[in-house]
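Trainee: model-v4.txt is reproduced below (compact mmCIF, N, CA and C atoms).
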# COMPACT_ATOMS: atom_id res chain seq x y z
N MET K 269 53.54 -91.82 48.21
CA MET K 269 53.60 -92.59 46.99
C MET K 269 54.92 -92.26 46.29
N HIS K 270 55.61 -93.29 45.84
CA HIS K 270 56.91 -93.15 45.18
C HIS K 270 56.74 -93.44 43.68
N ILE K 271 57.16 -92.49 42.84
CA ILE K 271 57.04 -92.63 41.39
C ILE K 271 58.41 -92.41 40.77
N ILE K 272 58.77 -93.26 39.84
CA ILE K 272 60.02 -93.12 39.09
C ILE K 272 59.69 -92.87 37.63
N ILE K 273 60.29 -91.82 37.07
CA ILE K 273 60.16 -91.54 35.64
C ILE K 273 61.55 -91.70 35.04
N PRO K 274 61.76 -92.74 34.23
CA PRO K 274 63.09 -92.97 33.67
C PRO K 274 63.46 -91.95 32.59
N GLY K 275 64.76 -91.82 32.38
CA GLY K 275 65.27 -90.93 31.34
C GLY K 275 65.68 -89.58 31.89
N GLN K 276 66.52 -88.92 31.14
CA GLN K 276 66.97 -87.57 31.47
C GLN K 276 65.79 -86.61 31.29
N THR K 277 65.40 -85.92 32.34
CA THR K 277 64.29 -84.98 32.22
C THR K 277 64.64 -83.90 31.20
N ARG K 278 63.64 -83.44 30.50
CA ARG K 278 63.85 -82.44 29.45
C ARG K 278 63.08 -81.17 29.76
N SER K 279 63.62 -80.07 29.27
CA SER K 279 62.99 -78.77 29.47
C SER K 279 61.81 -78.58 28.54
N LYS K 280 60.71 -78.16 29.11
CA LYS K 280 59.53 -77.89 28.31
C LYS K 280 59.56 -76.48 27.74
N LYS K 281 60.14 -75.55 28.48
CA LYS K 281 60.04 -74.16 28.08
C LYS K 281 61.31 -73.58 27.46
N ASN K 282 62.47 -74.14 27.72
CA ASN K 282 63.71 -73.56 27.20
C ASN K 282 64.08 -74.03 25.80
N SER K 283 63.35 -74.97 25.26
CA SER K 283 63.71 -75.48 23.93
C SER K 283 62.52 -75.37 22.98
N LYS K 284 61.93 -74.20 22.96
CA LYS K 284 60.77 -73.98 22.09
C LYS K 284 61.21 -73.90 20.63
N VAL K 285 60.32 -74.35 19.76
CA VAL K 285 60.56 -74.27 18.32
C VAL K 285 59.32 -73.67 17.66
N ILE K 286 59.53 -73.06 16.50
CA ILE K 286 58.41 -72.50 15.76
C ILE K 286 57.84 -73.58 14.85
N ALA K 287 56.55 -73.78 14.93
CA ALA K 287 55.85 -74.73 14.06
C ALA K 287 54.73 -73.96 13.36
N PHE K 288 54.10 -74.61 12.42
CA PHE K 288 53.03 -73.96 11.68
C PHE K 288 51.80 -74.84 11.64
N ARG K 289 50.64 -74.23 11.62
CA ARG K 289 49.38 -74.92 11.41
C ARG K 289 48.56 -74.10 10.42
N TRP K 290 47.58 -74.72 9.85
CA TRP K 290 46.74 -74.04 8.87
C TRP K 290 45.54 -73.43 9.56
N GLY K 291 45.27 -72.17 9.22
CA GLY K 291 44.11 -71.47 9.75
C GLY K 291 43.64 -70.45 8.73
N ASN K 292 42.39 -70.49 8.36
CA ASN K 292 41.83 -69.56 7.36
C ASN K 292 42.66 -69.51 6.08
N LYS K 293 43.01 -70.68 5.58
CA LYS K 293 43.72 -70.86 4.30
C LYS K 293 45.13 -70.28 4.30
N LYS K 294 45.73 -70.10 5.46
CA LYS K 294 47.13 -69.66 5.51
C LYS K 294 47.84 -70.33 6.67
N ARG K 295 49.15 -70.40 6.55
CA ARG K 295 49.95 -70.99 7.62
C ARG K 295 50.10 -70.00 8.75
N VAL K 296 49.86 -70.48 9.96
CA VAL K 296 49.94 -69.64 11.15
C VAL K 296 51.05 -70.19 12.05
N PRO K 297 52.05 -69.37 12.37
CA PRO K 297 53.14 -69.86 13.23
C PRO K 297 52.70 -69.92 14.70
N PHE K 298 53.27 -70.87 15.43
CA PHE K 298 53.06 -70.97 16.87
C PHE K 298 54.28 -71.61 17.50
N LEU K 299 54.45 -71.37 18.80
CA LEU K 299 55.57 -71.95 19.54
C LEU K 299 55.14 -73.26 20.18
N THR K 300 56.01 -74.23 20.14
CA THR K 300 55.76 -75.51 20.80
C THR K 300 57.07 -76.01 21.40
N SER K 301 56.98 -76.94 22.29
CA SER K 301 58.18 -77.53 22.88
C SER K 301 58.91 -78.36 21.83
N SER K 302 60.18 -78.60 22.05
CA SER K 302 61.02 -79.31 21.08
C SER K 302 60.61 -80.77 20.94
N ALA K 303 61.07 -81.38 19.87
CA ALA K 303 60.82 -82.81 19.62
C ALA K 303 61.46 -83.64 20.74
N ILE K 304 62.58 -83.20 21.28
CA ILE K 304 63.24 -83.92 22.38
C ILE K 304 62.33 -83.95 23.60
N TYR K 305 61.70 -82.81 23.93
CA TYR K 305 60.78 -82.78 25.06
C TYR K 305 59.58 -83.68 24.79
N HIS K 306 58.98 -83.55 23.60
CA HIS K 306 57.79 -84.35 23.29
C HIS K 306 58.10 -85.85 23.35
N SER K 307 59.29 -86.24 22.90
CA SER K 307 59.70 -87.64 22.95
C SER K 307 59.83 -88.11 24.39
N TRP K 308 60.48 -87.30 25.24
CA TRP K 308 60.63 -87.65 26.65
C TRP K 308 59.26 -87.74 27.33
N ALA K 309 58.38 -86.77 27.06
CA ALA K 309 57.05 -86.76 27.68
C ALA K 309 56.24 -87.99 27.27
N ALA K 310 56.28 -88.33 25.99
CA ALA K 310 55.54 -89.52 25.51
C ALA K 310 56.06 -90.78 26.18
N SER K 311 57.38 -90.88 26.30
CA SER K 311 57.99 -92.03 26.95
C SER K 311 57.60 -92.09 28.43
N ALA K 312 57.61 -90.94 29.10
CA ALA K 312 57.26 -90.88 30.52
C ALA K 312 55.80 -91.27 30.74
N ILE K 313 54.91 -90.77 29.89
CA ILE K 313 53.49 -91.10 30.01
C ILE K 313 53.27 -92.59 29.79
N SER K 314 53.94 -93.14 28.78
CA SER K 314 53.83 -94.57 28.49
C SER K 314 54.32 -95.40 29.69
N TRP K 315 55.44 -94.99 30.27
CA TRP K 315 56.01 -95.69 31.43
C TRP K 315 55.05 -95.67 32.62
N ILE K 316 54.50 -94.51 32.91
CA ILE K 316 53.60 -94.38 34.06
C ILE K 316 52.35 -95.24 33.86
N LYS K 317 51.83 -95.26 32.65
CA LYS K 317 50.65 -96.10 32.37
C LYS K 317 51.00 -97.58 32.50
N LYS K 318 52.18 -97.97 32.03
CA LYS K 318 52.62 -99.36 32.12
C LYS K 318 52.79 -99.79 33.58
N GLU K 319 53.34 -98.92 34.38
CA GLU K 319 53.57 -99.22 35.80
C GLU K 319 52.29 -99.15 36.63
N LYS K 320 51.24 -98.56 36.06
CA LYS K 320 49.92 -98.46 36.71
C LYS K 320 49.99 -97.76 38.08
N TYR K 321 50.69 -96.61 38.09
CA TYR K 321 50.71 -95.81 39.32
C TYR K 321 49.30 -95.31 39.59
N PRO K 322 48.84 -95.39 40.83
CA PRO K 322 47.48 -94.93 41.14
C PRO K 322 47.40 -93.41 41.23
N ALA K 323 46.20 -92.89 41.14
CA ALA K 323 45.97 -91.46 41.35
C ALA K 323 46.19 -91.13 42.83
N TRP K 324 46.61 -89.91 43.09
CA TRP K 324 46.79 -89.46 44.47
C TRP K 324 45.43 -89.50 45.15
N GLY K 325 45.35 -90.18 46.27
CA GLY K 325 44.08 -90.33 46.97
C GLY K 325 43.93 -89.42 48.16
N GLY K 326 44.93 -88.63 48.45
CA GLY K 326 44.88 -87.77 49.63
C GLY K 326 44.35 -86.38 49.31
N ASP K 327 44.46 -85.52 50.30
CA ASP K 327 44.01 -84.14 50.16
C ASP K 327 45.05 -83.30 49.44
N TYR K 328 44.61 -82.14 48.99
CA TYR K 328 45.50 -81.16 48.38
C TYR K 328 45.58 -79.95 49.28
N PRO K 329 46.67 -79.23 49.29
CA PRO K 329 47.85 -79.45 48.46
C PRO K 329 48.67 -80.63 48.97
N LEU K 330 49.50 -81.17 48.10
CA LEU K 330 50.40 -82.23 48.47
C LEU K 330 51.83 -81.80 48.15
N GLU K 331 52.78 -82.37 48.87
CA GLU K 331 54.19 -82.13 48.56
C GLU K 331 54.62 -83.11 47.49
N VAL K 332 55.37 -82.62 46.52
CA VAL K 332 56.01 -83.50 45.54
C VAL K 332 57.50 -83.24 45.67
N LYS K 333 58.20 -84.23 46.21
CA LYS K 333 59.65 -84.12 46.41
C LYS K 333 60.35 -84.72 45.20
N PHE K 334 61.27 -83.98 44.64
CA PHE K 334 61.99 -84.36 43.43
C PHE K 334 63.43 -84.72 43.78
N PHE K 335 63.86 -85.92 43.38
CA PHE K 335 65.27 -86.28 43.45
C PHE K 335 65.67 -86.72 42.05
N LEU K 336 66.71 -86.08 41.51
CA LEU K 336 67.12 -86.35 40.13
C LEU K 336 68.40 -87.15 40.05
N PHE K 337 68.41 -88.08 39.13
CA PHE K 337 69.61 -88.80 38.76
C PHE K 337 69.91 -88.38 37.33
N ARG K 338 70.94 -87.57 37.15
CA ARG K 338 71.30 -87.00 35.85
C ARG K 338 72.37 -87.87 35.19
N LYS K 339 72.43 -87.83 33.85
CA LYS K 339 73.43 -88.64 33.14
C LYS K 339 74.81 -87.98 33.15
N ASP K 340 74.85 -86.67 33.41
CA ASP K 340 76.13 -85.95 33.46
C ASP K 340 75.95 -84.65 34.24
N ARG K 341 76.98 -83.84 34.26
CA ARG K 341 76.95 -82.58 35.02
C ARG K 341 76.55 -81.38 34.15
N THR K 342 75.91 -81.61 33.02
CA THR K 342 75.47 -80.53 32.17
C THR K 342 74.59 -79.56 32.95
N LYS K 343 74.74 -78.27 32.69
CA LYS K 343 73.97 -77.24 33.37
C LYS K 343 72.47 -77.43 33.11
N TRP K 344 71.65 -77.26 34.15
CA TRP K 344 70.20 -77.40 34.03
C TRP K 344 69.51 -76.55 35.09
N ASP K 345 68.25 -76.21 34.84
CA ASP K 345 67.47 -75.39 35.75
C ASP K 345 66.46 -76.24 36.51
N ILE K 346 66.36 -76.02 37.80
CA ILE K 346 65.45 -76.79 38.64
C ILE K 346 63.99 -76.63 38.20
N ASP K 347 63.60 -75.39 37.90
CA ASP K 347 62.18 -75.17 37.56
C ASP K 347 61.75 -75.90 36.30
N ASN K 348 62.68 -76.15 35.38
CA ASN K 348 62.34 -76.91 34.17
C ASN K 348 61.99 -78.36 34.51
N VAL K 349 62.67 -78.90 35.48
CA VAL K 349 62.39 -80.28 35.92
C VAL K 349 61.00 -80.34 36.55
N PHE K 350 60.70 -79.38 37.41
CA PHE K 350 59.39 -79.34 38.04
C PHE K 350 58.28 -79.27 36.99
N CYS K 351 58.42 -78.35 36.06
CA CYS K 351 57.37 -78.09 35.06
C CYS K 351 57.02 -79.34 34.26
N GLY K 352 58.00 -79.98 33.65
CA GLY K 352 57.74 -81.14 32.81
C GLY K 352 57.19 -82.33 33.59
N ALA K 353 57.79 -82.62 34.73
CA ALA K 353 57.36 -83.78 35.52
C ALA K 353 55.95 -83.58 36.09
N LEU K 354 55.64 -82.36 36.54
CA LEU K 354 54.30 -82.11 37.07
C LEU K 354 53.25 -82.19 35.97
N ASP K 355 53.59 -81.71 34.77
CA ASP K 355 52.65 -81.83 33.65
C ASP K 355 52.37 -83.30 33.34
N ILE K 356 53.40 -84.14 33.42
CA ILE K 356 53.23 -85.57 33.18
C ILE K 356 52.30 -86.18 34.24
N LEU K 357 52.49 -85.80 35.51
CA LEU K 357 51.62 -86.32 36.57
C LEU K 357 50.17 -85.91 36.34
N GLN K 358 49.96 -84.70 35.87
CA GLN K 358 48.60 -84.24 35.61
C GLN K 358 48.00 -84.95 34.39
N GLN K 359 48.77 -85.07 33.33
CA GLN K 359 48.27 -85.71 32.10
C GLN K 359 47.92 -87.17 32.31
N THR K 360 48.60 -87.84 33.22
CA THR K 360 48.32 -89.25 33.47
C THR K 360 47.26 -89.46 34.56
N GLY K 361 46.76 -88.36 35.13
CA GLY K 361 45.70 -88.47 36.12
C GLY K 361 46.17 -88.79 37.52
N ILE K 362 47.47 -88.76 37.77
CA ILE K 362 47.98 -89.03 39.11
C ILE K 362 47.63 -87.88 40.05
N ILE K 363 47.72 -86.65 39.55
CA ILE K 363 47.28 -85.49 40.32
C ILE K 363 46.20 -84.76 39.53
N GLU K 364 45.32 -84.06 40.24
CA GLU K 364 44.23 -83.32 39.59
C GLU K 364 44.73 -82.12 38.82
N ASP K 365 45.68 -81.40 39.41
CA ASP K 365 46.13 -80.13 38.85
C ASP K 365 47.55 -79.90 39.34
N ASP K 366 48.34 -79.18 38.56
CA ASP K 366 49.71 -78.88 39.00
C ASP K 366 49.87 -77.42 39.41
N SER K 367 48.76 -76.77 39.77
CA SER K 367 48.81 -75.37 40.20
C SER K 367 49.36 -75.28 41.63
N ALA K 368 49.69 -74.06 42.04
CA ALA K 368 50.25 -73.83 43.38
C ALA K 368 49.28 -74.18 44.49
N SER K 369 47.98 -74.18 44.21
CA SER K 369 47.02 -74.56 45.25
C SER K 369 46.91 -76.08 45.41
N HIS K 370 47.52 -76.83 44.49
CA HIS K 370 47.46 -78.29 44.55
C HIS K 370 48.81 -78.94 44.87
N VAL K 371 49.90 -78.31 44.43
CA VAL K 371 51.22 -78.95 44.52
C VAL K 371 52.24 -78.02 45.15
N ILE K 372 53.03 -78.58 46.05
CA ILE K 372 54.17 -77.87 46.64
C ILE K 372 55.41 -78.62 46.19
N PRO K 373 56.11 -78.10 45.15
CA PRO K 373 57.31 -78.80 44.67
C PRO K 373 58.48 -78.58 45.61
N ILE K 374 59.19 -79.65 45.92
CA ILE K 374 60.34 -79.57 46.82
C ILE K 374 61.52 -80.28 46.15
N PHE K 375 62.62 -79.55 45.98
CA PHE K 375 63.82 -80.13 45.40
C PHE K 375 64.59 -80.84 46.51
N SER K 376 64.77 -82.16 46.35
CA SER K 376 65.43 -82.96 47.39
C SER K 376 66.89 -83.26 47.10
N GLY K 377 67.35 -82.94 45.89
CA GLY K 377 68.75 -83.15 45.57
C GLY K 377 68.94 -83.86 44.24
N TRP K 378 70.21 -84.13 43.94
CA TRP K 378 70.50 -84.81 42.68
C TRP K 378 71.82 -85.55 42.77
N ALA K 379 72.00 -86.49 41.86
CA ALA K 379 73.22 -87.29 41.78
C ALA K 379 73.44 -87.67 40.31
N ILE K 380 74.61 -88.22 40.02
CA ILE K 380 74.93 -88.69 38.67
C ILE K 380 74.70 -90.20 38.60
N ASP K 381 73.97 -90.62 37.58
CA ASP K 381 73.80 -92.04 37.27
C ASP K 381 73.81 -92.15 35.75
N ARG K 382 74.98 -92.37 35.17
CA ARG K 382 75.13 -92.38 33.71
C ARG K 382 74.33 -93.49 33.03
N GLN K 383 74.16 -94.62 33.70
CA GLN K 383 73.45 -95.75 33.11
C GLN K 383 71.93 -95.65 33.26
N ASN K 384 71.46 -94.95 34.28
CA ASN K 384 70.02 -94.94 34.56
C ASN K 384 69.54 -93.55 35.01
N PRO K 385 69.62 -92.53 34.13
CA PRO K 385 69.10 -91.22 34.54
C PRO K 385 67.59 -91.31 34.74
N ARG K 386 67.10 -90.54 35.72
CA ARG K 386 65.68 -90.60 36.04
C ARG K 386 65.33 -89.49 37.02
N VAL K 387 64.04 -89.32 37.24
CA VAL K 387 63.57 -88.45 38.31
C VAL K 387 62.71 -89.31 39.22
N GLU K 388 62.98 -89.24 40.52
CA GLU K 388 62.20 -89.97 41.50
C GLU K 388 61.36 -88.95 42.26
N LEU K 389 60.07 -89.22 42.31
CA LEU K 389 59.11 -88.31 42.93
C LEU K 389 58.49 -88.98 44.15
N MET K 390 58.39 -88.24 45.22
CA MET K 390 57.71 -88.72 46.41
C MET K 390 56.53 -87.79 46.66
N LEU K 391 55.31 -88.33 46.55
CA LEU K 391 54.09 -87.58 46.79
C LEU K 391 53.64 -87.87 48.21
N CYS K 392 53.41 -86.81 49.00
CA CYS K 392 53.01 -87.01 50.39
C CYS K 392 52.25 -85.80 50.93
N LYS K 393 51.64 -85.99 52.07
CA LYS K 393 50.95 -84.89 52.75
C LYS K 393 51.99 -83.84 53.14
N PRO K 394 51.60 -82.56 53.15
CA PRO K 394 52.55 -81.52 53.55
C PRO K 394 53.03 -81.71 54.99
N THR K 395 54.30 -81.42 55.20
CA THR K 395 54.89 -81.54 56.53
C THR K 395 54.76 -80.25 57.33
N LYS K 396 54.34 -79.17 56.64
CA LYS K 396 54.13 -77.89 57.32
C LYS K 396 53.16 -77.05 56.49
N THR K 397 52.80 -75.90 57.01
CA THR K 397 51.91 -74.99 56.29
C THR K 397 52.76 -74.08 55.41
N TYR K 398 52.40 -74.01 54.14
CA TYR K 398 53.17 -73.20 53.21
C TYR K 398 52.50 -71.87 52.90
N TYR K 399 51.20 -71.79 53.07
CA TYR K 399 50.49 -70.54 52.82
C TYR K 399 50.36 -69.79 54.13
N ARG K 400 50.78 -68.53 54.15
CA ARG K 400 50.76 -67.73 55.37
C ARG K 400 49.66 -66.68 55.29
N GLU K 401 48.52 -66.98 55.88
CA GLU K 401 47.39 -66.04 55.89
C GLU K 401 47.77 -64.74 56.59
N ASP K 402 48.62 -64.83 57.62
CA ASP K 402 49.02 -63.64 58.38
C ASP K 402 49.89 -62.69 57.56
N LEU K 403 50.46 -63.15 56.45
CA LEU K 403 51.29 -62.30 55.61
C LEU K 403 50.56 -61.78 54.37
N TYR K 404 49.30 -62.15 54.24
CA TYR K 404 48.49 -61.69 53.12
C TYR K 404 48.36 -60.18 53.22
N VAL K 405 48.68 -59.45 52.18
CA VAL K 405 48.79 -57.99 52.21
C VAL K 405 47.52 -57.32 52.73
N ASP K 406 46.35 -57.75 52.30
CA ASP K 406 45.11 -57.13 52.77
C ASP K 406 44.96 -57.30 54.28
N ASN K 407 45.38 -58.43 54.82
CA ASN K 407 45.30 -58.65 56.27
C ASN K 407 46.25 -57.73 57.02
N LEU K 408 47.44 -57.49 56.47
CA LEU K 408 48.39 -56.59 57.12
C LEU K 408 47.86 -55.17 57.16
N LYS K 409 47.21 -54.73 56.09
CA LYS K 409 46.63 -53.38 56.06
C LYS K 409 45.54 -53.24 57.11
N LYS K 410 44.69 -54.28 57.28
CA LYS K 410 43.61 -54.25 58.26
C LYS K 410 44.17 -54.18 59.68
N LYS K 411 45.26 -54.93 59.92
CA LYS K 411 45.86 -54.95 61.26
C LYS K 411 46.43 -53.58 61.62
N LYS K 412 46.93 -52.84 60.64
CA LYS K 412 47.52 -51.54 60.89
C LYS K 412 46.49 -50.42 60.85
N GLY K 413 45.22 -50.77 60.65
CA GLY K 413 44.17 -49.78 60.63
C GLY K 413 43.97 -49.12 59.29
N LYS K 414 44.58 -49.63 58.25
CA LYS K 414 44.40 -49.07 56.91
C LYS K 414 43.20 -49.72 56.25
N PRO K 415 42.56 -49.02 55.31
CA PRO K 415 41.38 -49.58 54.62
C PRO K 415 41.71 -50.76 53.76
For the structure just supplied, provide its representation as structure tokens.

Mentor:
Amino acid sequence: MHIIIPGQTRSKKNSKVIAFRWGNKKRVPFLTSSAIYHSWAASAISWIKKEKYPAWGGDYPLEVKFFLFRKDRTKWDIDNVFCGALDILQQTGIIEDDSASHVIPIFSGWAIDRQNPRVELMLCKPTKTYYREDLYVDNLKKKKGKP
């Protein structure tokens, strides 16, 4: 399944701001993502609902391949792109969960597109096994005769 989320992806975790809420008759501070992230996320959710992308119908885990079209060469972190986009997929019901047991994120590359920045996602069955039971520490101890 091919999904396009328009706009420059935004960091969910690197642009935290302090906000306040009321609790027990006093203001309580808490951290939240920036207004820029919330705006991008709302736009992405709206877009996905408008395009009527279906929920993933296959088994889990699934591979989610990310290809980014950035508006410029500004420095950015790959994991921030994964985090925000996967949260959007979960919030819109396309995937059940964005945990490691459900999703295998794969970075497929990036390019510059100043007029149409976006992230293109390809959801598909895994092409290989990513969890290695033979490398599980308890199994290695048993093989060597340790308790």

Trainee: Just to confirm, what's the straight-line distance from atom N of K:Ala309 to atom CA of K:Ile272 in Å (one decimal)?

Mentor: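 Atom N of K:Ala309 sits 13.7 Å away from atom CA of K:Ile272.
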
Trainee: My list of candidates is K:Ile374, K:Ile304, K:Thr360, K:Glu331. Which is closest to K:Lys317 when distances are computed with only N, CA and C atoms?

Mentor: K:Thr360

Trainee: Mind pulling up the distance from atom N of K:Pro297 to atom N of K:Asp366?

Mentor: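 Distance between the two atoms: 28.2 Å.
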
Trainee: Pick out the closest residue to K:Met390 from this set: K:Thr277, K:Ser307, K:Ser376, K:Gln359. Count only C-alpha atoms.

Mentor: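 Selected residue with least distance to K:Met390: K:Ser376.
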
Trainee: Can you tell me how far atom C of K:Trp308 sits from atom C of K:Pro385, in Å to one decimal?

Mentor: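 Going from atom C of K:Trp308 over to atom C of K:Pro385, I get 11.7 Å.
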
Trainee: What residues have an atom no more than 12 Å from (49.7, -87.4, 33.8) in the file's own frame, counting only C-alpha atoms, and can you write them as a PyMOL selection string?

Mentor: chain K and resi 271+273+309-317+320-324+352-366

Trainee: Pull the strand (DSSP E) assignments for stretch 323-408 of chain K out of DSSP run on the backbone, and list those residues as a ChimeraX atom specification.

Mentor: /K:330-338,371-380,386-392

Trainee: In terms of the shortest atom-to-atom distance over only N, CA and C atoms, which of K:Lys293, K:Lys343, K:Arg338, K:His306 is closest to K:Trp378?

Mentor: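 Counting only N, CA and C atoms, the residue closest to K:Trp378 is K:Arg338.
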
Trainee: Choose the residue, out of K:Arg289, K:Phe335, K:Ala303, K:Asp340, that has the smallest atom-to-atom separation from K:Ile380; count only N, CA and C atoms.

Mentor: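 The shortest atom-to-atom distance to K:Ile380 comes from K:Asp340.
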
Trainee: Write down as a PyMOL selection string the residues belonging to stretch 270-410 of chain K that are assigned helix (DSSP H, G or I) by DSSP computed on the backbone.

Mentor: chain K and resi 303-319+346-359+401-403+405-410

Trainee: Counting only N, CA and C atoms, which residue out of K:Arg278, K:Pro394, K:Leu336, K:Ser367 sits closest to K:Asn348?

Mentor: K:Arg278

Trainee: Between K:Val349, K:Pro274, K:Lys393, K:Asn292, single out the one closest to K:Tyr328, counting only N, CA and C atoms.

Mentor: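 The closest residue to K:Tyr328 is K:Lys393.
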
Trainee: Counting only N, CA and C atoms, find the residues whose atoms lie at most 8 Å from (71.3, -95.0, 33.3) (file coordinates) and write them out as a list in words.

Mentor: Gly275, Phe337, Arg338, Lys339, Ile380, Asp381, Arg382, Gln383, Asn384, Pro385 and Arg386 of chain K
